[in-house]
Every structure is written in C-alpha cells, then in structure tokens.
Amino acid sequence: VQLWRDCALVRPVNDPHKDIRRKLAVQPDLFLVGTEGPRIVATVMIGYDGHRGWLNYLAVAPDQQQNGFGRQIVAEAENRLRARGCAKINLQVRRSNSAALTFYQKIGFSEDDVISMGKRLEAD
C-alpha cells in the first residue's frame with residue numbers, strides 16, 4: 001500500500017487494504033508483486049472476466065522507474081491474460097498522469113474512443 005501511496009494511486013474513495021483482500025479472494029494469481037531483494041518495487045492487479053482483461057494498481061517505485069520493472073510486470077500480466085484466452089486489455093489512466101500515459105503508449109497501448117463510467121456499490 002505504501003508503494004501505491006508513493007505513486008499517488010490511493011484515493012479517498014478506495015480503501016487499498018480492502019482492494020487487496022478483495023483481489024486475494026478472486027483470482028489471487030493475477031495479483032503480481034515485483035521485488036528487488038526484500039523491497040517491493042512493482043505491483044499490478046490484473047482482472048479477467050472472460051471478455052476483457054484489466055490492469056489496476058500498476059505501480060513502480062518512483063526511484064526505480066525507467067529500470068524496466070514496469071515493462072516486465074506488464075509483460076507478465078499480458079502472458080497470464082493470453083494464457084486465459086484474453087484478446088484485449090483495458091486500463092484507466094487519469095488524464096493528468098502524463099508520465100503513465102507516455103509509458104503505456106510506449107508499450108503499445110492506445111486511447112480507445114470510450115467514456116469510462118462507474119457506480120459505487122460499497123462505500124470504502
């Protein structure tokens with residue numbers, strides 16, 4: 001969770017501890033944590049519903065960015081989704097996060113012509 005805070009991924013409407021518990025209850029093998037020695041340096045929470053894959057909580061420690069950890073963990077996420085028959089990955093990025101947008105474009109993602117919508121079912 002501290003890594004997510006360091007990467008500005010935590011928002012008041014989401015309890016990251018609850019998100020981890022939820023993920024560990026559903027497809028725990030799709031929650032990847034990258035380490036460098038004892039230190040957590042990267043994470044990604046992967047979802048797959050039989051139609052599309054999703055990447056959430058992709059984070060790389062700020063002092064470890066540009067070292068390939070992001071590419072490596074996304075490549076592993078792609079491998080795991082391909083093995084399940086997934087044809088396309090979706091993700092959401094805040095428009096203000098230009099560094100993330102640039103990263104995703106460099107590794108082959110492009111903007112879809114869609115509007116992201118959401119509805120809270122539980123208050124965290």
# chains A, B, ... in the order shown; residues from 1 in each chain; ligands from 1
call {"tool": "residues_around", "arguments": {"residues": "range 28-33 of chain A", "least_positions_apart": "2", "cutoff": "8 Å", "atoms": "only C-alpha atoms", "output": "PyMOL selection string"}}
result
chain A and resi 23-26+35+40-47+73+77+80
call {"tool": "select_by_dssp", "arguments": {"residues": "range 34-102 of chain A", "states": "strand (DSSP E or B)", "output": "list in words"}}
result
Gly34, Thr35, Glu36, Arg39, Ile40, Val41, Ala42, Thr43, Val44, Met45, Ile46, Gly47, Tyr48, Gly53, Trp54, Leu55, Asn56, Tyr57, Leu58, Ala59, Val60, Ile89, Asn90 and Leu91 of chain A
call {"tool": "closest_residue", "arguments": {"among": "A:Tyr48, A:Asp6, A:Gly118, A:Pro62", "to": "Cys86 in chain A", "atoms": "only C-alpha atoms"}}
result
A:Tyr48
call {"tool": "closest_atom_pairs", "arguments": {"of": "range 51-82 of chain A", "to": "range 96-117 of chain A", "cutoff": "12 Å", "atoms": "only C-alpha atoms", "output": "Markdown table"}}
result
| residue | atom | partner | partner_atom | distance |
| --- | --- | --- | --- | --- |
| A:Leu55 | CA | A:Tyr104 | CA | 11.2 |
| A:Tyr57 | CA | A:Ala100 | CA | 11.7 |
| A:Leu58 | CA | A:Ala100 | CA | 9.5 |
| A:Ala59 | CA | A:Ala100 | CA | 9.7 |
| A:Val60 | CA | A:Ala100 | CA | 10.6 |
| A:Pro62 | CA | A:Ala99 | CA | 11.3 |
| A:Gln65 | CA | A:Phe103 | CA | 10.3 |
| A:Gln66 | CA | A:Phe103 | CA | 9.6 |
| A:Gly68 | CA | A:Phe103 | CA | 10.9 |
| A:Phe69 | CA | A:Phe103 | CA | 11.7 |
| A:Gly70 | CA | A:Phe103 | CA | 8.5 |
| A:Arg71 | CA | A:Ile107 | CA | 7.3 |
| A:Gln72 | CA | A:Ile107 | CA | 10.7 |
| A:Ile73 | CA | A:Ile107 | CA | 11.8 |
| A:Val74 | CA | A:Ile107 | CA | 8.9 |
| A:Ala75 | CA | A:Ile107 | CA | 9.3 |
| A:Glu78 | CA | A:Ile107 | CA | 11.4 |
call {"tool": "select_by_dssp", "arguments": {"residues": "range 35-112 of chain A", "states": "helix (DSSP H, G or I)", "output": "list in words"}}
result
Pro62, Asp63, Gln64, Phe69, Gly70, Arg71, Gln72, Ile73, Val74, Ala75, Glu76, Ala77, Glu78, Asn79, Arg80, Leu81, Arg82, Ala83, Ser98, Ala99, Ala100, Leu101, Thr102, Phe103, Tyr104, Gln105 and Lys106 of chain A
call {"tool": "write_last_selection", "arguments": {"atoms": "N, CA and C atoms", "output": "mmCIF file, in the first residue's frame"}}
result
data_model
loop_
_atom_site.group_PDB
_atom_site.id
_atom_site.type_symbol
_atom_site.label_atom_id
_atom_site.label_comp_id
_atom_site.auth_asym_id
_atom_site.auth_seq_id
_atom_site.Cartn_x
_atom_site.Cartn_y
_atom_site.Cartn_z
ATOM 1 N N PRO A 62 8.965 5.115 -7.375
ATOM 2 C CA PRO A 62 9.472 6.267 -8.122
ATOM 3 C C PRO A 62 10.975 6.232 -8.381
ATOM 4 N N ASP A 63 11.760 5.769 -7.422
ATOM 5 C CA ASP A 63 13.211 5.734 -7.633
ATOM 6 C C ASP A 63 13.664 4.544 -8.479
ATOM 7 N N GLN A 64 12.724 3.678 -8.872
ATOM 8 C CA GLN A 64 13.050 2.523 -9.706
ATOM 9 C C GLN A 64 12.438 2.622 -11.110
ATOM 10 N N PHE A 69 11.139 -2.282 -14.707
ATOM 11 C CA PHE A 69 10.201 -3.036 -13.871
ATOM 12 C C PHE A 69 8.768 -2.945 -14.387
ATOM 13 N N GLY A 70 8.367 -1.772 -14.858
ATOM 14 C CA GLY A 70 7.012 -1.604 -15.392
ATOM 15 C C GLY A 70 6.789 -2.488 -16.607
ATOM 16 N N ARG A 71 7.733 -2.461 -17.535
ATOM 17 C CA ARG A 71 7.629 -3.313 -18.728
ATOM 18 C C ARG A 71 7.577 -4.795 -18.352
ATOM 19 N N GLN A 72 8.408 -5.195 -17.405
ATOM 20 C CA GLN A 72 8.453 -6.606 -17.005
ATOM 21 C C GLN A 72 7.141 -7.067 -16.381
ATOM 22 N N ILE A 73 6.592 -6.270 -15.493
ATOM 23 C CA ILE A 73 5.377 -6.712 -14.807
ATOM 24 C C ILE A 73 4.174 -6.671 -15.742
ATOM 25 N N VAL A 74 4.149 -5.709 -16.673
ATOM 26 C CA VAL A 74 3.069 -5.683 -17.669
ATOM 27 C C VAL A 74 3.217 -6.866 -18.622
ATOM 28 N N ALA A 75 4.436 -7.198 -19.011
ATOM 29 C CA ALA A 75 4.647 -8.359 -19.887
ATOM 30 C C ALA A 75 4.148 -9.640 -19.211
ATOM 31 N N GLU A 76 4.403 -9.787 -17.933
ATOM 32 C CA GLU A 76 3.911 -10.970 -17.212
ATOM 33 C C GLU A 76 2.391 -10.948 -17.122
ATOM 34 N N ALA A 77 1.820 -9.772 -16.893
ATOM 35 C CA ALA A 77 0.354 -9.658 -16.879
ATOM 36 C C ALA A 77 -0.220 -10.074 -18.230
ATOM 37 N N GLU A 78 0.391 -9.607 -19.318
ATOM 38 C CA GLU A 78 -0.057 -9.978 -20.659
ATOM 39 C C GLU A 78 0.051 -11.482 -20.876
ATOM 40 N N ASN A 79 1.143 -12.092 -20.426
ATOM 41 C CA ASN A 79 1.312 -13.540 -20.569
ATOM 42 C C ASN A 79 0.211 -14.299 -19.834
ATOM 43 N N ARG A 80 -0.100 -13.862 -18.636
ATOM 44 C CA ARG A 80 -1.133 -14.554 -17.853
ATOM 45 C C ARG A 80 -2.515 -14.379 -18.476
ATOM 46 N N LEU A 81 -2.766 -13.208 -19.036
ATOM 47 C CA LEU A 81 -4.052 -12.994 -19.698
ATOM 48 C C LEU A 81 -4.144 -13.786 -20.995
ATOM 49 N N ARG A 82 -3.076 -13.796 -21.790
ATOM 50 C CA ARG A 82 -3.061 -14.600 -23.022
ATOM 51 C C ARG A 82 -3.333 -16.067 -22.718
ATOM 52 N N ALA A 83 -2.741 -16.579 -21.645
ATOM 53 C CA ALA A 83 -2.917 -17.984 -21.272
ATOM 54 C C ALA A 83 -4.372 -18.298 -20.941
ATOM 55 N N SER A 98 0.464 12.316 -17.087
ATOM 56 C CA SER A 98 1.126 12.270 -18.387
ATOM 57 C C SER A 98 2.252 11.230 -18.426
ATOM 58 N N ALA A 99 2.932 11.010 -17.325
ATOM 59 C CA ALA A 99 4.008 10.010 -17.318
ATOM 60 C C ALA A 99 3.436 8.612 -17.567
ATOM 61 N N ALA A 100 2.314 8.294 -16.946
ATOM 62 C CA ALA A 100 1.693 6.980 -17.161
ATOM 63 C C ALA A 100 1.194 6.857 -18.589
ATOM 64 N N LEU A 101 0.585 7.901 -19.107
ATOM 65 C CA LEU A 101 0.099 7.863 -20.485
ATOM 66 C C LEU A 101 1.249 7.593 -21.456
ATOM 67 N N THR A 102 2.361 8.270 -21.257
ATOM 68 C CA THR A 102 3.533 8.082 -22.114
ATOM 69 C C THR A 102 4.058 6.656 -21.991
ATOM 70 N N PHE A 103 4.132 6.132 -20.766
ATOM 71 C CA PHE A 103 4.596 4.762 -20.558
ATOM 72 C C PHE A 103 3.723 3.770 -21.319
ATOM 73 N N TYR A 104 2.409 3.870 -21.139
ATOM 74 C CA TYR A 104 1.510 2.915 -21.797
ATOM 75 C C TYR A 104 1.589 3.022 -23.317
ATOM 76 N N GLN A 105 1.711 4.231 -23.839
ATOM 77 C CA GLN A 105 1.846 4.381 -25.289
ATOM 78 C C GLN A 105 3.120 3.712 -25.786
ATOM 79 N N LYS A 106 4.212 3.843 -25.040
ATOM 80 C CA LYS A 106 5.487 3.242 -25.439
ATOM 81 C C LYS A 106 5.418 1.720 -25.489
#
call {"tool": "atom_distance", "arguments": {"atom1": "CA of Val1 in chain A", "atom2": "CA of Gly53 in chain A"}}
result
22.5 Å
